[in-house]
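Just below is one structure, and these are the notes that go with it.
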Protein chains: 2
Amino acid sequence: MTKDAETAATLIALERAALDRWGKGEPSGYLEISAPDVTYFDPFLERRLDGLQALSAYYETLRGKVRIDRWQLLDPEVQVCGDVAVLSFRLVSQAGTATMRWNCTEVFRRGPAGWRLIHTHWAVTQSLA
Amino acid sequence: MTKDAETAATLIALERAALDRWGKGEPSGYLEISAPDVTYFDPFLERRLDGLQALSAYYETLRGKVRIDRWQLLDPEVQVCGDVAVLSFRLVSQAGTATMRWNCTEVFRRGPAGWRLIHTHWAVTQSLA
């Protein structure tokens, strides 16, 4: 594998592991791989969250409340630029009979502790598809 | 101004200039600042577009068809990591009596030609706010 392919595999594995925990109501997977200066968008919030403290406070309100029965991470692409990498993918998540379709962008930065998220953008797409 | 503040001002100005042309039906503003390897999400597409050629083909279908009467770029944040920078902001756009609310992520990479977009993610938020 090339170095960039190794990075891509590493980041997709990080994302899958965090998603797996998220779908069981456990937000710590994402918090553990987010940087102190992470910025965060999702469609349920009126504005962006800035910083790990704000993201942690938000995620704590969701702890134990999220349940995803099945998810598929589709078409992941990783663009590596030195110590920064952009992972983008689509996600189809199912809980009971409800299906949601998402676009997601994850920007990672490599530091002494490894790869950490500096930006997350979740968007719902099904309503407009 | 610090170097990062200068970069932030530069990128916000690039975005504003491209948006201004976009709102007049002119997609070339974005195409001119997009890199050959740009990846692109918006909520109207079933999947991500990969590469400037794919983005250009899509934008050409919209040439002359977009009209935004007024827009406000809100709360821009720029995270600079060497030759990569993440610009995130909200946008409120109005056309006639219709208002749309967006989240946007723009990832720029600096190269010999200047700052170019390597990833764009537009998302609509009003339906879930």
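Naming works like this for the structure tokens: A, B, ... for the chains as they're shown, residue 1 at the start of each chain, ligands 1 onward in shown order.
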Quick one: residues within 7 Å of Leu52 (chain A), only C-alpha atoms counted, chain neighbours fewer than 6 positions away excluded, as a list in words?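 My list of contacting residues is Ser34, Ala35, Pro36, Asp37 and Val38 of chain A.
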Dump as a ChimeraX atom specification the residues of chain A that approach chain B to within 9 Å, counting only C-alpha atoms. /A:37,39,41-48,75,77,79,81-84,86,88-90,103-105,107,109,118-119,121-129
Using DSSP on the backbone coordinates, identify the residues of region 15-105 of chain B assigned to alpha helix (DSSP H); present them as an MDAnalysis selection string. chainID B and resid 15:22 28:32 52:62
Please report, as a PyMOL selection string, each residue of region 6-124 of chain A to which DSSP assigns strand (DSSP E) when run on this structure's backbone. chain A and resi 34-41+49-50+70-81+84-95+98-111+114-124
Lay chain A over chain B using all C-alpha atoms, matched one to one in order, with a least-squares fit; then write it out as a tab-separated table (two decimals) with N, CA and C atoms, in the first residue's frame.
chain	number	residue	atom	x	y	z
A	1	MET	N	-2.14	42.11	11.23
A	1	MET	CA	-2.83	40.81	11.18
A	1	MET	C	-1.81	39.67	11.24
A	2	THR	N	-2.16	38.62	11.94
A	2	THR	CA	-1.32	37.42	11.89
A	2	THR	C	-1.45	36.78	10.52
A	3	LYS	N	-0.54	35.87	10.25
A	3	LYS	CA	-0.56	35.15	8.98
A	3	LYS	C	-1.89	34.38	8.82
A	4	ASP	N	-2.33	33.71	9.88
A	4	ASP	CA	-3.58	32.95	9.79
A	4	ASP	C	-4.78	33.88	9.58
A	5	ALA	N	-4.75	35.04	10.18
A	5	ALA	CA	-5.86	35.99	10.00
A	5	ALA	C	-5.87	36.50	8.56
A	6	GLU	N	-4.68	36.67	7.99
A	6	GLU	CA	-4.60	37.07	6.58
A	6	GLU	C	-5.18	35.99	5.68
A	7	THR	N	-4.81	34.74	5.97
A	7	THR	CA	-5.35	33.62	5.19
A	7	THR	C	-6.87	33.57	5.31
A	8	ALA	N	-7.36	33.74	6.52
A	8	ALA	CA	-8.81	33.71	6.74
A	8	ALA	C	-9.50	34.79	5.90
A	9	ALA	N	-8.95	35.98	5.93
A	9	ALA	CA	-9.56	37.08	5.17
A	9	ALA	C	-9.52	36.79	3.68
A	10	THR	N	-8.40	36.23	3.21
A	10	THR	CA	-8.27	35.87	1.79
A	10	THR	C	-9.34	34.86	1.38
A	11	LEU	N	-9.52	33.82	2.19
A	11	LEU	CA	-10.44	32.74	1.81
A	11	LEU	C	-11.90	33.21	1.88
A	12	ILE	N	-12.22	34.00	2.88
A	12	ILE	CA	-13.59	34.52	2.98
A	12	ILE	C	-13.88	35.44	1.78
A	13	ALA	N	-12.88	36.20	1.36
A	13	ALA	CA	-13.06	37.08	0.20
A	13	ALA	C	-13.25	36.25	-1.08
A	14	LEU	N	-12.49	35.15	-1.21
A	14	LEU	CA	-12.66	34.26	-2.37
A	14	LEU	C	-14.08	33.70	-2.41
A	15	GLU	N	-14.54	33.25	-1.25
A	15	GLU	CA	-15.87	32.65	-1.16
A	15	GLU	C	-16.95	33.70	-1.50
A	16	ARG	N	-16.81	34.89	-0.95
A	16	ARG	CA	-17.81	35.94	-1.21
A	16	ARG	C	-17.87	36.30	-2.69
A	17	ALA	N	-16.71	36.37	-3.32
A	17	ALA	CA	-16.68	36.74	-4.74
A	17	ALA	C	-17.34	35.65	-5.58
A	18	ALA	N	-17.07	34.38	-5.24
A	18	ALA	CA	-17.66	33.28	-5.99
A	18	ALA	C	-19.18	33.23	-5.77
A	19	LEU	N	-19.59	33.46	-4.53
A	19	LEU	CA	-21.02	33.47	-4.21
A	19	LEU	C	-21.75	34.57	-4.95
A	20	ASP	N	-21.11	35.71	-5.02
A	20	ASP	CA	-21.72	36.84	-5.69
A	20	ASP	C	-22.02	36.51	-7.15
A	21	ARG	N	-21.06	35.87	-7.80
A	21	ARG	CA	-21.27	35.48	-9.21
A	21	ARG	C	-22.29	34.35	-9.31
A	22	TRP	N	-22.22	33.39	-8.37
A	22	TRP	CA	-23.18	32.28	-8.35
A	22	TRP	C	-24.62	32.78	-8.30
A	23	GLY	N	-24.86	33.79	-7.47
A	23	GLY	CA	-26.20	34.33	-7.28
A	23	GLY	C	-26.73	35.05	-8.51
A	24	LYS	N	-25.81	35.29	-9.46
A	24	LYS	CA	-26.22	35.91	-10.74
A	24	LYS	C	-26.25	34.88	-11.86
A	25	GLY	N	-26.21	33.61	-11.49
A	25	GLY	CA	-26.31	32.57	-12.50
A	25	GLY	C	-24.99	32.20	-13.15
A	26	GLU	N	-23.89	32.61	-12.53
A	26	GLU	CA	-22.57	32.44	-13.13
A	26	GLU	C	-21.71	31.49	-12.26
A	27	PRO	N	-21.64	30.21	-12.67
A	27	PRO	CA	-20.92	29.24	-11.84
A	27	PRO	C	-19.40	29.29	-11.98
A	28	SER	N	-18.89	30.06	-12.93
A	28	SER	CA	-17.44	30.03	-13.18
A	28	SER	C	-16.62	30.51	-11.99
A	29	GLY	N	-17.21	31.35	-11.17
A	29	GLY	CA	-16.48	31.82	-9.99
A	29	GLY	C	-16.01	30.66	-9.13
A	30	TYR	N	-16.90	29.71	-8.90
A	30	TYR	CA	-16.51	28.53	-8.13
A	30	TYR	C	-15.57	27.62	-8.91
A	31	LEU	N	-15.85	27.45	-10.19
A	31	LEU	CA	-15.00	26.54	-10.98
A	31	LEU	C	-13.56	27.06	-11.03
A	32	GLU	N	-13.41	28.38	-11.10
A	32	GLU	CA	-12.06	28.96	-11.20
A	32	GLU	C	-11.24	28.77	-9.94
A	33	ILE	N	-11.91	28.57	-8.81
A	33	ILE	CA	-11.13	28.38	-7.57
A	33	ILE	C	-11.18	26.93	-7.08
A	34	SER	N	-11.64	26.02	-7.95
A	34	SER	CA	-11.67	24.60	-7.57
A	34	SER	C	-10.49	23.85	-8.18
A	35	ALA	N	-9.93	22.95	-7.41
A	35	ALA	CA	-8.77	22.16	-7.85
A	35	ALA	C	-9.22	21.01	-8.75
A	36	PRO	N	-8.32	20.48	-9.55
A	36	PRO	CA	-8.67	19.35	-10.43
A	36	PRO	C	-9.24	18.16	-9.65
A	37	ASP	N	-8.80	17.98	-8.41
A	37	ASP	CA	-9.24	16.83	-7.62
A	37	ASP	C	-10.34	17.18	-6.62
A	38	VAL	N	-11.07	18.26	-6.89
A	38	VAL	CA	-12.14	18.68	-5.96
A	38	VAL	C	-13.20	17.59	-5.80
A	39	THR	N	-13.71	17.45	-4.59
A	39	THR	CA	-14.86	16.59	-4.33
A	39	THR	C	-15.99	17.49	-3.82
A	40	TYR	N	-17.24	17.08	-4.10
A	40	TYR	CA	-18.35	18.02	-3.93
A	40	TYR	C	-19.64	17.32	-3.50
A	41	PHE	N	-20.22	17.82	-2.43
A	41	PHE	CA	-21.54	17.36	-1.97
A	41	PHE	C	-22.53	18.51	-2.02
A	42	ASP	N	-23.73	18.26	-2.54
A	42	ASP	CA	-24.86	19.14	-2.23
A	42	ASP	C	-26.10	18.26	-2.10
A	43	PRO	N	-27.17	18.80	-1.47
A	43	PRO	CA	-28.31	17.94	-1.13
A	43	PRO	C	-29.18	17.57	-2.32
A	44	PHE	N	-28.92	18.15	-3.49
A	44	PHE	CA	-29.73	17.84	-4.66
A	44	PHE	C	-29.18	16.66	-5.45
A	45	LEU	N	-27.96	16.28	-5.13
A	45	LEU	CA	-27.30	15.19	-5.85
A	45	LEU	C	-27.44	13.88	-5.09
A	46	GLU	N	-27.56	12.80	-5.82
A	46	GLU	CA	-27.66	11.51	-5.15
A	46	GLU	C	-26.34	11.04	-4.58
A	47	ARG	N	-25.24	11.52	-5.18
A	47	ARG	CA	-23.94	11.11	-4.67
A	47	ARG	C	-22.92	12.22	-4.85
A	48	ARG	N	-21.74	12.02	-4.28
A	48	ARG	CA	-20.68	13.02	-4.37
A	48	ARG	C	-20.18	13.13	-5.81
A	49	LEU	N	-19.79	14.32	-6.20
A	49	LEU	CA	-19.08	14.50	-7.46
A	49	LEU	C	-17.59	14.51	-7.19
A	50	ASP	N	-16.84	13.79	-8.01
A	50	ASP	CA	-15.38	13.70	-7.83
A	50	ASP	C	-14.67	14.28	-9.05
A	51	GLY	N	-13.96	15.37	-8.83
A	51	GLY	CA	-13.14	15.94	-9.89
A	51	GLY	C	-13.76	17.16	-10.53
A	52	LEU	N	-12.90	18.04	-11.01
A	52	LEU	CA	-13.36	19.31	-11.59
A	52	LEU	C	-14.18	19.10	-12.85
A	53	GLN	N	-13.86	18.05	-13.58
A	53	GLN	CA	-14.62	17.79	-14.81
A	53	GLN	C	-16.09	17.48	-14.49
A	54	ALA	N	-16.30	16.64	-13.49
A	54	ALA	CA	-17.67	16.30	-13.09
A	54	ALA	C	-18.39	17.52	-12.52
A	55	LEU	N	-17.68	18.31	-11.73
A	55	LEU	CA	-18.30	19.51	-11.16
A	55	LEU	C	-18.64	20.52	-12.25
A	56	SER	N	-17.74	20.67	-13.21
A	56	SER	CA	-18.00	21.62	-14.31
A	56	SER	C	-19.23	21.20	-15.10
A	57	ALA	N	-19.33	19.91	-15.40
A	57	ALA	CA	-20.48	19.41	-16.17
A	57	ALA	C	-21.79	19.70	-15.43
A	58	TYR	N	-21.77	19.50	-14.12
A	58	TYR	CA	-22.96	19.76	-13.30
A	58	TYR	C	-23.28	21.25	-13.29
A	59	TYR	N	-22.28	22.05	-13.02
A	59	TYR	CA	-22.52	23.50	-12.93
A	59	TYR	C	-22.98	24.10	-14.26
A	60	GLU	N	-22.50	23.53	-15.35
A	60	GLU	CA	-22.94	24.06	-16.66
A	60	GLU	C	-24.45	23.89	-16.84
A	61	THR	N	-25.01	22.84	-16.22
A	61	THR	CA	-26.47	22.64	-16.33
A	61	THR	C	-27.23	23.71	-15.55
A	62	LEU	N	-26.53	24.40	-14.64
A	62	LEU	CA	-27.18	25.41	-13.80
A	62	LEU	C	-26.88	26.83	-14.26
A	63	ARG	N	-26.00	26.95	-15.25
A	63	ARG	CA	-25.61	28.29	-15.71
A	63	ARG	C	-26.84	29.09	-16.15
A	64	GLY	N	-26.96	30.29	-15.62
A	64	GLY	CA	-28.07	31.17	-15.98
A	64	GLY	C	-29.38	30.85	-15.28
A	65	LYS	N	-29.39	29.79	-14.46
A	65	LYS	CA	-30.65	29.36	-13.84
A	65	LYS	C	-30.75	29.72	-12.37
A	66	VAL	N	-29.64	30.11	-11.76
A	66	VAL	CA	-29.67	30.44	-10.34
A	66	VAL	C	-29.83	31.95	-10.19
A	67	ARG	N	-30.72	32.34	-9.33
A	67	ARG	CA	-30.83	33.77	-9.02
A	67	ARG	C	-31.02	33.92	-7.52
A	68	ILE	N	-30.08	34.57	-6.90
A	68	ILE	CA	-30.20	34.88	-5.47
A	68	ILE	C	-30.28	36.40	-5.36
A	69	ASP	N	-31.35	36.87	-4.72
A	69	ASP	CA	-31.51	38.32	-4.60
A	69	ASP	C	-30.64	38.89	-3.49
A	70	ARG	N	-30.61	38.18	-2.37
A	70	ARG	CA	-29.82	38.64	-1.23
A	70	ARG	C	-29.25	37.43	-0.52
A	71	TRP	N	-28.04	37.56	-0.04
A	71	TRP	CA	-27.48	36.48	0.79
A	71	TRP	C	-26.66	37.07	1.92
A	72	GLN	N	-26.61	36.31	2.99
A	72	GLN	CA	-25.79	36.69	4.14
A	72	GLN	C	-24.91	35.52	4.50
A	73	LEU	N	-23.62	35.76	4.52
A	73	LEU	CA	-22.66	34.74	4.95
A	73	LEU	C	-22.43	34.98	6.45
A	74	LEU	N	-22.82	33.99	7.25
A	74	LEU	CA	-22.83	34.18	8.70
A	74	LEU	C	-21.76	33.36	9.40
A	75	ASP	N	-21.13	33.98	10.37
A	75	ASP	CA	-20.30	33.27	11.34
A	75	ASP	C	-19.17	32.45	10.68
A	76	PRO	N	-18.43	33.04	9.74
A	76	PRO	CA	-17.38	32.26	9.10
A	76	PRO	C	-16.24	31.94	10.07
A	77	GLU	N	-15.72	30.75	9.95
A	77	GLU	CA	-14.57	30.31	10.77
A	77	GLU	C	-13.57	29.68	9.82
A	78	VAL	N	-12.30	30.03	9.97
A	78	VAL	CA	-11.25	29.44	9.15
A	78	VAL	C	-10.23	28.76	10.06
A	79	GLN	N	-10.02	27.47	9.82
A	79	GLN	CA	-9.01	26.71	10.56
A	79	GLN	C	-7.85	26.46	9.60
A	80	VAL	N	-6.71	27.07	9.89
A	80	VAL	CA	-5.56	26.97	9.00
A	80	VAL	C	-4.59	25.92	9.54
A	81	CYS	N	-4.19	24.98	8.68
A	81	CYS	CA	-3.19	23.97	9.04
A	81	CYS	C	-2.17	23.95	7.91
A	82	GLY	N	-1.20	24.85	7.96
A	82	GLY	CA	-0.19	24.89	6.91
A	82	GLY	C	-0.82	25.27	5.59
A	83	ASP	N	-0.71	24.38	4.61
A	83	ASP	CA	-1.22	24.68	3.27
A	83	ASP	C	-2.64	24.19	3.04
A	84	VAL	N	-3.31	23.82	4.11
A	84	VAL	CA	-4.72	23.44	4.02
A	84	VAL	C	-5.51	24.31	4.99
A	85	ALA	N	-6.70	24.71	4.59
A	85	ALA	CA	-7.54	25.51	5.49
A	85	ALA	C	-8.99	25.12	5.29
A	86	VAL	N	-9.72	25.09	6.39
A	86	VAL	CA	-11.14	24.74	6.38
A	86	VAL	C	-11.94	26.00	6.69
A	87	LEU	N	-12.75	26.41	5.75
A	87	LEU	CA	-13.69	27.53	5.96
A	87	LEU	C	-15.07	26.94	6.18
A	88	SER	N	-15.71	27.30	7.28
A	88	SER	CA	-17.09	26.85	7.50
A	88	SER	C	-17.95	28.06	7.85
A	89	PHE	N	-19.16	28.05	7.37
A	89	PHE	CA	-20.06	29.19	7.59
A	89	PHE	C	-21.50	28.75	7.35
A	90	ARG	N	-22.44	29.61	7.78
A	90	ARG	CA	-23.83	29.44	7.42
A	90	ARG	C	-24.18	30.48	6.37
A	91	LEU	N	-25.14	30.14	5.55
A	91	LEU	CA	-25.59	31.09	4.53
A	91	LEU	C	-27.11	31.17	4.57
A	92	VAL	N	-27.63	32.37	4.54
A	92	VAL	CA	-29.07	32.57	4.35
A	92	VAL	C	-29.23	33.23	3.00
A	93	SER	N	-29.97	32.56	2.11
A	93	SER	CA	-30.15	33.11	0.77
A	93	SER	C	-31.62	33.36	0.51
A	94	GLN	N	-31.89	34.44	-0.19
A	94	GLN	CA	-33.27	34.79	-0.51
A	94	GLN	C	-33.43	35.03	-2.00
A	95	ALA	N	-34.48	34.42	-2.55
A	95	ALA	CA	-34.85	34.64	-3.94
A	95	ALA	C	-36.35	34.90	-3.92
A	96	GLY	N	-36.73	36.11	-4.24
A	96	GLY	CA	-38.14	36.47	-4.09
A	96	GLY	C	-38.52	36.34	-2.63
A	97	THR	N	-39.60	35.58	-2.36
A	97	THR	CA	-40.03	35.43	-0.97
A	97	THR	C	-39.48	34.15	-0.33
A	98	ALA	N	-38.73	33.39	-1.11
A	98	ALA	CA	-38.21	32.12	-0.60
A	98	ALA	C	-36.87	32.34	0.11
A	99	THR	N	-36.78	31.79	1.31
A	99	THR	CA	-35.53	31.86	2.07
A	99	THR	C	-34.98	30.45	2.26
A	100	MET	N	-33.70	30.29	2.04
A	100	MET	CA	-33.06	29.00	2.31
A	100	MET	C	-31.92	29.20	3.30
A	101	ARG	N	-31.74	28.19	4.15
A	101	ARG	CA	-30.67	28.22	5.14
A	101	ARG	C	-29.71	27.06	4.87
A	102	TRP	N	-28.44	27.38	4.85
A	102	TRP	CA	-27.42	26.41	4.48
A	102	TRP	C	-26.32	26.33	5.53
A	103	ASN	N	-25.72	25.15	5.62
A	103	ASN	CA	-24.39	25.02	6.22
A	103	ASN	C	-23.43	24.76	5.08
A	104	CYS	N	-22.24	25.32	5.17
A	104	CYS	CA	-21.25	25.06	4.13
A	104	CYS	C	-19.86	24.85	4.70
A	105	THR	N	-19.19	23.86	4.15
A	105	THR	CA	-17.79	23.58	4.46
A	105	THR	C	-16.99	23.69	3.17
A	106	GLU	N	-15.91	24.45	3.21
A	106	GLU	CA	-15.01	24.59	2.08
A	106	GLU	C	-13.60	24.26	2.54
A	107	VAL	N	-12.99	23.24	1.93
A	107	VAL	CA	-11.60	22.92	2.26
A	107	VAL	C	-10.71	23.41	1.13
A	108	PHE	N	-9.78	24.30	1.49
A	108	PHE	CA	-8.86	24.88	0.51
A	108	PHE	C	-7.46	24.29	0.70
A	109	ARG	N	-6.75	24.15	-0.41
A	109	ARG	CA	-5.34	23.74	-0.38
A	109	ARG	C	-4.54	24.82	-1.14
A	110	ARG	N	-3.40	25.21	-0.57
A	110	ARG	CA	-2.57	26.22	-1.24
A	110	ARG	C	-1.56	25.53	-2.14
A	111	GLY	N	-1.50	25.97	-3.39
A	111	GLY	CA	-0.53	25.44	-4.35
A	111	GLY	C	0.08	26.58	-5.12
A	112	PRO	N	0.82	26.24	-6.17
A	112	PRO	CA	1.49	27.28	-6.96
A	112	PRO	C	0.51	28.33	-7.50
A	113	ALA	N	-0.73	27.92	-7.78
A	113	ALA	CA	-1.71	28.85	-8.36
A	113	ALA	C	-2.48	29.62	-7.28
A	114	GLY	N	-2.19	29.33	-6.02
A	114	GLY	CA	-2.91	29.99	-4.94
A	114	GLY	C	-3.81	29.00	-4.20
A	115	TRP	N	-4.80	29.52	-3.50
A	115	TRP	CA	-5.72	28.66	-2.74
A	115	TRP	C	-6.79	28.10	-3.67
A	116	ARG	N	-6.97	26.79	-3.61
A	116	ARG	CA	-7.98	26.14	-4.44
A	116	ARG	C	-8.82	25.20	-3.59
A	117	LEU	N	-10.10	25.10	-3.93
A	117	LEU	CA	-11.00	24.19	-3.21
A	117	LEU	C	-10.70	22.74	-3.56
A	118	ILE	N	-10.49	21.93	-2.54
A	118	ILE	CA	-10.39	20.48	-2.78
A	118	ILE	C	-11.64	19.75	-2.30
A	119	HIS	N	-12.48	20.46	-1.54
A	119	HIS	CA	-13.73	19.84	-1.11
A	119	HIS	C	-14.76	20.92	-0.79
A	120	THR	N	-15.97	20.71	-1.25
A	120	THR	CA	-17.11	21.60	-0.96
A	120	THR	C	-18.27	20.76	-0.46
A	121	HIS	N	-18.88	21.20	0.61
A	121	HIS	CA	-20.06	20.50	1.14
A	121	HIS	C	-21.14	21.53	1.46
A	122	TRP	N	-22.18	21.56	0.64
A	122	TRP	CA	-23.37	22.40	0.89
A	122	TRP	C	-24.47	21.53	1.46
A	123	ALA	N	-25.13	22.02	2.51
A	123	ALA	CA	-26.25	21.29	3.11
A	123	ALA	C	-27.35	22.27	3.46
A	124	VAL	N	-28.57	21.83	3.27
A	124	VAL	CA	-29.74	22.63	3.64
A	124	VAL	C	-30.13	22.26	5.07
A	125	THR	N	-30.42	23.26	5.87
A	125	THR	CA	-30.74	22.95	7.26
A	125	THR	C	-32.15	23.35	7.67
A	126	GLN	N	-32.80	24.18	6.90
A	126	GLN	CA	-34.05	24.76	7.40
A	126	GLN	C	-35.13	23.71	7.68
A	127	SER	N	-35.11	22.60	6.93
A	127	SER	CA	-36.19	21.63	7.08
A	127	SER	C	-36.15	20.95	8.44
A	128	LEU	N	-34.99	20.99	9.08
A	128	LEU	CA	-34.85	20.28	10.34
A	128	LEU	C	-34.68	21.24	11.52
A	129	ALA	N	-34.60	22.52	11.23
A	129	ALA	CA	-34.32	23.48	12.32
A	129	ALA	C	-35.53	23.63	13.22
